[in-house]
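Note: the block below is upload19.tsv and it holds TSV, C-alpha atoms.
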```tsv
chain	number	residue	atom	x	y	z
A	1	MET	CA	16.79	-12.80	-22.50
A	2	ILE	CA	17.41	-13.64	-18.83
A	3	TYR	CA	20.93	-14.55	-17.76
A	4	VAL	CA	20.93	-16.81	-14.69
A	5	PHE	CA	24.16	-17.15	-12.69
A	6	ASP	CA	25.09	-18.71	-9.36
A	7	GLY	CA	25.75	-15.48	-7.44
A	8	SER	CA	29.53	-15.83	-7.44
A	9	LEU	CA	31.95	-13.17	-8.64
A	10	GLU	CA	33.27	-15.63	-11.21
A	11	GLY	CA	29.74	-16.20	-12.47
A	12	LEU	CA	29.07	-12.46	-12.71
A	13	LEU	CA	32.25	-11.84	-14.71
A	14	THR	CA	31.49	-14.83	-16.95
A	15	ALA	CA	28.05	-13.32	-17.64
A	16	VAL	CA	29.70	-10.06	-18.70
A	17	PHE	CA	31.97	-11.98	-21.09
A	18	GLU	CA	29.09	-13.96	-22.61
A	19	TYR	CA	27.05	-10.80	-23.09
A	20	HIS	CA	29.81	-9.36	-25.25
A	21	GLU	CA	29.93	-12.63	-27.18
A	22	ARG	CA	26.19	-12.86	-27.83
A	23	ARG	CA	25.07	-9.20	-27.63
A	24	PRO	CA	21.42	-9.98	-26.75
A	25	SER	CA	18.97	-7.11	-26.46
A	26	ASN	CA	16.81	-6.38	-23.42
A	27	LEU	CA	18.99	-8.51	-21.15
A	28	ILE	CA	18.13	-9.17	-17.49
A	29	LEU	CA	20.64	-10.66	-15.02
A	30	THR	CA	19.49	-12.64	-11.99
A	31	THR	CA	20.78	-15.25	-9.59
A	32	ALA	CA	19.60	-18.85	-9.60
A	33	GLU	CA	18.12	-18.24	-6.14
A	34	CYS	CA	15.96	-15.34	-7.36
A	35	TYR	CA	15.14	-16.69	-10.81
A	36	GLN	CA	11.48	-17.27	-11.64
A	37	PRO	CA	10.84	-18.94	-15.01
A	38	ASP	CA	8.92	-16.85	-17.51
A	39	VAL	CA	7.25	-18.63	-20.44
A	40	PHE	CA	7.51	-15.46	-22.53
A	41	THR	CA	11.22	-14.82	-21.95
A	42	ALA	CA	14.12	-17.07	-22.89
A	43	SER	CA	16.75	-17.81	-20.27
A	44	HIS	CA	20.41	-18.72	-20.44
A	45	ARG	CA	22.25	-20.46	-17.61
A	46	ILE	CA	25.74	-19.11	-17.05
A	47	ASP	CA	28.33	-21.85	-16.51
A	48	ASN	CA	31.25	-20.43	-14.58
A	49	ASP	CA	34.37	-20.22	-16.71
A	50	PRO	CA	37.57	-19.15	-14.88
A	51	GLU	CA	39.28	-18.18	-18.14
A	52	LYS	CA	36.43	-15.90	-19.27
A	53	ALA	CA	36.09	-14.39	-15.78
A	54	ASP	CA	39.83	-13.73	-15.62
A	55	ARG	CA	39.78	-11.94	-18.98
A	56	VAL	CA	36.97	-9.65	-17.82
A	57	TRP	CA	38.72	-8.94	-14.51
A	58	LYS	CA	41.96	-8.04	-16.33
A	59	ALA	CA	39.98	-5.76	-18.63
A	60	LEU	CA	38.43	-4.05	-15.59
A	61	ASN	CA	41.93	-3.59	-14.17
A	62	ARG	CA	42.89	-1.73	-17.33
A	63	LYS	CA	39.74	0.40	-17.36
A	64	LEU	CA	39.31	1.21	-13.67
A	65	SER	CA	41.45	2.83	-11.00
A	66	ALA	CA	42.36	0.93	-7.83
A	67	THR	CA	39.65	2.90	-6.00
A	68	TRP	CA	36.95	1.84	-8.44
A	69	LEU	CA	38.13	-1.76	-8.51
A	70	ARG	CA	37.65	-1.87	-4.75
A	71	ARG	CA	34.23	-0.25	-5.08
A	72	PHE	CA	33.29	-2.89	-7.65
A	73	TYR	CA	34.37	-5.68	-5.30
A	74	CYS	CA	32.67	-4.11	-2.27
A	75	ALA	CA	29.43	-3.69	-4.21
A	76	TYR	CA	29.59	-7.39	-5.08
A	77	LEU	CA	30.08	-8.27	-1.39
A	78	SER	CA	26.83	-6.48	-0.56
A	79	GLU	CA	25.05	-9.61	-1.92
A	80	ILE	CA	22.05	-7.46	-2.87
A	81	PRO	CA	20.34	-8.84	-6.02
A	82	GLU	CA	19.92	-5.31	-7.40
A	83	ALA	CA	23.65	-4.76	-6.90
A	84	PHE	CA	24.47	-7.68	-9.19
A	85	ARG	CA	22.35	-6.13	-11.92
A	86	ASP	CA	23.93	-2.71	-11.43
A	87	LEU	CA	27.42	-4.24	-11.53
A	88	PHE	CA	26.57	-6.00	-14.78
A	89	GLU	CA	25.20	-2.81	-16.32
A	90	PHE	CA	28.19	-0.89	-14.91
A	91	CYS	CA	30.53	-3.23	-16.82
A	92	ARG	CA	28.52	-2.79	-20.00
A	93	TYR	CA	28.73	0.98	-19.60
A	94	ILE	CA	32.46	0.97	-18.83
A	95	PHE	CA	33.38	-1.27	-21.77
A	96	SER	CA	31.17	0.61	-24.25
A	97	ASN	CA	32.98	3.91	-23.61
A	98	PRO	CA	36.62	4.46	-24.59
A	99	SER	CA	37.22	7.16	-21.97
A	100	ASP	CA	37.01	7.06	-18.17
A	101	VAL	CA	33.33	7.48	-17.28
A	102	THR	CA	33.48	6.48	-13.62
A	103	GLN	CA	33.04	10.13	-12.59
A	104	ASN	CA	29.75	10.36	-14.43
A	105	TYR	CA	27.43	10.06	-11.44
A	106	GLY	CA	24.59	10.98	-13.72
A	107	ASN	CA	24.68	7.37	-14.85
A	108	PRO	CA	22.44	5.38	-12.47
A	109	HIS	CA	24.74	2.35	-12.42
A	110	VAL	CA	27.87	4.34	-11.56
A	111	LEU	CA	25.94	6.03	-8.76
A	112	ALA	CA	24.48	2.73	-7.53
A	113	VAL	CA	27.85	0.91	-7.42
A	114	ALA	CA	29.37	3.77	-5.44
A	115	GLY	CA	26.42	3.65	-3.03
A	116	TYR	CA	26.64	-0.10	-2.43
A	117	ALA	CA	30.39	0.16	-1.87
A	118	ARG	CA	29.93	2.94	0.68
A	119	LYS	CA	27.49	0.82	2.71
A	120	VAL	CA	29.80	-2.20	2.67
A	121	GLU	CA	32.82	-0.11	3.68
A	122	ARG	CA	30.82	1.32	6.60
A	123	GLU	CA	29.92	-2.18	7.74
A	124	LYS	CA	33.58	-3.21	7.44
A	125	HIS	CA	34.73	-0.35	9.69
A	126	ARG	CA	32.04	-1.16	12.25
A	127	MET	CA	33.02	-4.80	12.37
A	128	GLU	CA	36.66	-3.83	12.89
A	129	ALA	CA	35.63	-1.49	15.71
A	130	PHE	CA	33.03	-3.60	17.48
A	131	ILE	CA	34.24	-7.20	17.26
A	132	ARG	CA	35.23	-8.57	20.68
A	133	PHE	CA	37.03	-11.89	21.05
A	134	GLN	CA	36.53	-14.48	23.77
A	135	GLN	CA	39.42	-16.74	24.73
A	136	SER	CA	38.63	-20.44	24.77
A	137	SER	CA	40.07	-22.96	27.21
A	138	ASP	CA	42.65	-24.06	24.61
A	139	GLY	CA	43.91	-20.49	24.10
A	140	LEU	CA	42.10	-19.78	20.84
A	141	PHE	CA	40.35	-16.41	20.52
A	142	TYR	CA	36.90	-16.61	18.96
A	143	CYS	CA	34.10	-14.33	17.79
A	144	GLY	CA	30.85	-15.15	15.97
A	145	ILE	CA	29.27	-12.46	13.78
A	146	ASP	CA	26.30	-11.97	11.44
A	147	PRO	CA	26.98	-8.72	9.54
A	148	ASP	CA	24.57	-7.18	7.05
A	149	PHE	CA	27.09	-7.71	4.24
A	150	ASN	CA	29.81	-10.23	3.49
A	151	VAL	CA	32.71	-8.25	4.98
A	152	ILE	CA	35.01	-11.10	6.09
A	153	PRO	CA	37.23	-10.76	2.97
A	154	LEU	CA	37.65	-7.07	3.81
A	155	ILE	CA	38.42	-7.36	7.54
A	156	MET	CA	40.87	-10.25	7.17
A	157	LYS	CA	44.00	-8.10	6.80
A	158	HIS	CA	43.05	-5.78	9.68
A	159	PHE	CA	42.78	-8.59	12.21
A	160	LYS	CA	45.81	-10.45	10.87
A	161	ASP	CA	47.96	-7.33	11.32
A	162	ARG	CA	46.45	-6.28	14.65
A	163	TYR	CA	46.38	-9.70	16.33
A	164	ALA	CA	49.44	-11.28	14.74
A	165	ASP	CA	50.64	-12.82	18.02
A	166	GLN	CA	47.57	-14.94	18.80
A	167	SER	CA	45.43	-17.58	17.10
A	168	TRP	CA	41.87	-16.52	16.40
A	169	VAL	CA	38.67	-17.41	14.58
A	170	ILE	CA	36.01	-15.08	13.19
A	171	TYR	CA	32.94	-16.98	12.05
A	172	ASP	CA	30.00	-15.60	10.06
A	173	TYR	CA	26.88	-17.52	11.13
A	174	LYS	CA	24.73	-15.90	8.45
A	175	ARG	CA	26.96	-17.07	5.58
A	176	HIS	CA	28.21	-20.24	7.26
A	177	TYR	CA	31.93	-19.68	6.88
A	178	GLY	CA	34.76	-17.96	8.69
A	179	ILE	CA	38.50	-17.33	8.85
A	180	TYR	CA	41.11	-18.92	11.10
A	181	TYR	CA	44.55	-17.43	11.83
A	182	ASN	CA	47.16	-19.96	13.00
A	183	LEU	CA	50.02	-17.49	13.70
A	184	ASP	CA	51.26	-18.03	10.15
A	185	LYS	CA	48.44	-17.47	7.68
A	186	VAL	CA	44.69	-16.93	7.47
A	187	GLU	CA	42.58	-19.82	6.19
A	188	GLU	CA	38.91	-20.07	5.31
A	189	ILE	CA	36.91	-22.54	7.40
A	190	CYS	CA	33.40	-23.95	7.11
A	191	LEU	CA	31.37	-25.80	9.73
A	192	ASN	CA	28.41	-28.03	9.10
A	193	GLN	CA	25.02	-27.26	10.63
A	194	GLU	CA	25.54	-29.48	13.67
A	195	GLU	CA	28.99	-28.04	14.40
A	196	GLU	CA	27.64	-24.49	14.20
A	197	LYS	CA	24.81	-25.38	16.58
A	198	ASN	CA	27.19	-26.95	19.10
A	199	LEU	CA	29.52	-23.97	18.91
A	200	LYS	CA	26.70	-21.56	19.71
A	201	LEU	CA	25.39	-23.67	22.58
A	202	GLN	CA	28.77	-24.38	24.15
A	203	ARG	CA	30.39	-21.00	23.52
A	204	ASP	CA	30.16	-19.97	27.17
A	205	LYS	CA	31.32	-23.39	28.41
A	206	ILE	CA	34.55	-23.47	26.43
A	207	THR	CA	35.86	-20.07	27.51
A	208	SER	CA	39.00	-19.92	29.61
A	209	GLU	CA	38.81	-19.44	33.38
A	210	GLN	CA	40.28	-15.95	33.04
A	211	GLU	CA	37.75	-14.75	30.47
A	212	PRO	CA	35.07	-13.70	33.05
A	213	LEU	CA	37.74	-11.73	34.93
A	214	TYR	CA	38.83	-9.88	31.81
A	215	ALA	CA	35.19	-9.12	30.99
A	216	ALA	CA	34.58	-7.78	34.51
A	217	LEU	CA	37.70	-5.60	34.35
A	218	TRP	CA	36.66	-4.15	31.03
A	219	LYS	CA	33.14	-3.39	32.28
A	220	ASP	CA	34.57	-1.68	35.40
A	221	TYR	CA	36.92	0.38	33.23
A	222	PHE	CA	34.09	1.37	30.89
A	223	LYS	CA	31.88	2.31	33.82
A	224	SER	CA	34.60	4.35	35.56
A	225	THR	CA	35.38	6.39	32.44
A	226	ASN	CA	31.75	7.08	31.63
A	227	ILE	CA	30.54	10.60	32.52
A	228	LYS	CA	26.83	10.42	33.32
A	229	ALA	CA	26.34	14.18	33.03
A	230	ARG	CA	27.45	14.01	29.38
A	231	LYS	CA	25.36	10.99	28.45
A	232	ASN	CA	23.69	11.40	25.07
A	233	THR	CA	21.87	8.18	24.17
A	234	LYS	CA	20.63	9.45	20.82
A	235	LEU	CA	24.14	10.36	19.64
A	236	HIS	CA	25.57	7.14	21.08
A	237	VAL	CA	23.07	4.99	19.17
A	238	ARG	CA	23.86	6.90	15.99
A	239	HIS	CA	27.55	5.99	16.25
A	240	VAL	CA	27.02	2.53	17.80
A	241	PRO	CA	23.72	1.12	16.42
A	242	ARG	CA	21.90	-1.30	18.71
A	243	ARG	CA	22.38	-4.25	16.36
A	244	TYR	CA	26.11	-4.17	17.20
A	245	TRP	CA	25.65	-4.16	20.98
A	246	LYS	CA	25.64	-7.96	21.06
A	247	TYR	CA	29.35	-7.89	20.16
A	248	LEU	CA	30.30	-5.45	22.94
A	249	THR	CA	31.33	-6.80	26.34
A	250	GLU	CA	30.36	-3.54	28.06
A	251	LYS	CA	26.75	-3.94	26.83
A	252	GLU	CA	26.22	-7.38	28.36
```

Translate the structure of the given file into structure tokens.
Amino acid sequence: MIYVFDGSLEGLLTAVFEYHERRPSNLILTTAECYQPDVFTASHRIDNDPEKADRVWKALNRKLSATWLRRFYCAYLSEIPEAFRDLFEFCRYIFSNPSDVTQNYGNPHVLAVAGYARKVEREKHRMEAFIRFQQSSDGLFYCGIDPDFNVIPLIMKHFKDRYADQSWVIYDYKRHYGIYYNLDKVEEICLNQEEEKNLKLQRDKITSEQEPLYAALWKDYFKSTNIKARKNTKLHVRHVPRRYWKYLTEKE
């Protein structure tokens, strides 16, 4: 049996619920995007059910510690097809054992979930460290990103707390959505394809008159504090991978 879901967290949790209802053998979980029909294997489309998903999530809250709940969520945010399967099997393993088995790293799914979560957390910390805002002519601070994983839900609180006195937008071009802080609360925003294209093309035109000055001052500061004799490019690239340089003003 192949379970086909839409890739959402609600769909994944609904699939876990329906597995425990039906108890099929030799089950495979896949997303609708990755699904390839197989004439020899029956498939079942998962219809998202908020009530079923909520029951599974509450059950996970009872079975898992706060640390493992976060790992579960982070692994989901990796958006890796294999991660969805490991999360599904992880739930089956957790619910089939009465005791806490999250420390059993001999189980491949426990180990895999922890590994996915570690990668996502690393990407989260890098985004928090490397994101640089540009101020637009209307006073709004903006940054466009395309992280390896869907980390916007994880970095939201950091930027809300750190930049509470200014309006800002962080937009993920890879996933076509972002977050907007209006000095009161953070809201999710989505742009259509044409709006995204115009934003990319006109990004430099809509910056405030002072933005080039701030950029120049930061570059001068970075240059003045740099010690050439202690330059270690290999170590620098290890801590600041090249794919993040596009976010850094000092690398322009």

Gap from CA of Glu195 (chain A) to CA of Ser136 (chain A) - Å, one decimal |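 A separation of 16.1 Å between them.
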
Identify the residues within 6 Å of coordinate (30.1, -20.1, 14.2) (same frame as the file), considering all atoms listed in the file, and give the answer as a list in words.
->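 Residues with an atom at most 6 Å from (30.1, -20.1, 14.2): Gly144, Tyr171, Tyr173 and Glu196 of chain A.
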
Written selection (C-alpha atoms) as an mmCIF file, keeping the file's coordinate frame:
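New file selection-v9.cif:
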```
data_model
loop_
_atom_site.group_PDB
_atom_site.id
_atom_site.type_symbol
_atom_site.label_atom_id
_atom_site.label_comp_id
_atom_site.auth_asym_id
_atom_site.auth_seq_id
_atom_site.Cartn_x
_atom_site.Cartn_y
_atom_site.Cartn_z
ATOM 1 C CA GLY A 144 30.850 -15.150 15.970
ATOM 2 C CA TYR A 171 32.940 -16.980 12.050
ATOM 3 C CA TYR A 173 26.880 -17.520 11.130
ATOM 4 C CA GLU A 196 27.640 -24.490 14.200
#
```

Quick one: pull the distance between CA of Tyr73 (chain A) and CA of Ala117 (chain A), Å, one decimal.
->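 Taking CA of Tyr73 (chain A) as the start and CA of Ala117 (chain A) as the end point, the length is 7.9 Å.
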
Mind checking which residues fall within 12 Å of Glu51 (chain A), counting only C-alpha atoms, ignoring those fewer than 5 positions away in the same chain, and posting them as a list in words?
-> Glu10, Gly11, Leu13, Thr14, Phe17, Glu18, Val56, Trp57 and Lys58 of chain A

Please, what distance in Å, to one decimal, runs between CA of Glu79 (chain A) and CA of Lys197 (chain A)?
-> 24.3 Å

Considering only C-alpha atoms, state which residue in the set A:Lys246, A:Phe72, A:Phe40, A:Asp184 is at the smallest distance from Arg132 (chain A).
->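 Nearest to Arg132 (chain A): A:Lys246.
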
Got a sec: who's within 10 Å of region 120-124 of chain A, counting all atoms listed in the file, leaving out chain neighbours fewer than 4 positions off, as an MDAnalysis selection string?
-> chainID A and resid 70:71 73:79 115:116 128:129 147:155

One residue among A:Ile94, A:Tyr163, A:Ile145, A:Tyr35 is nearest to Tyr177 (chain A) when using all atoms listed in the file, and that residue is A:Ile145
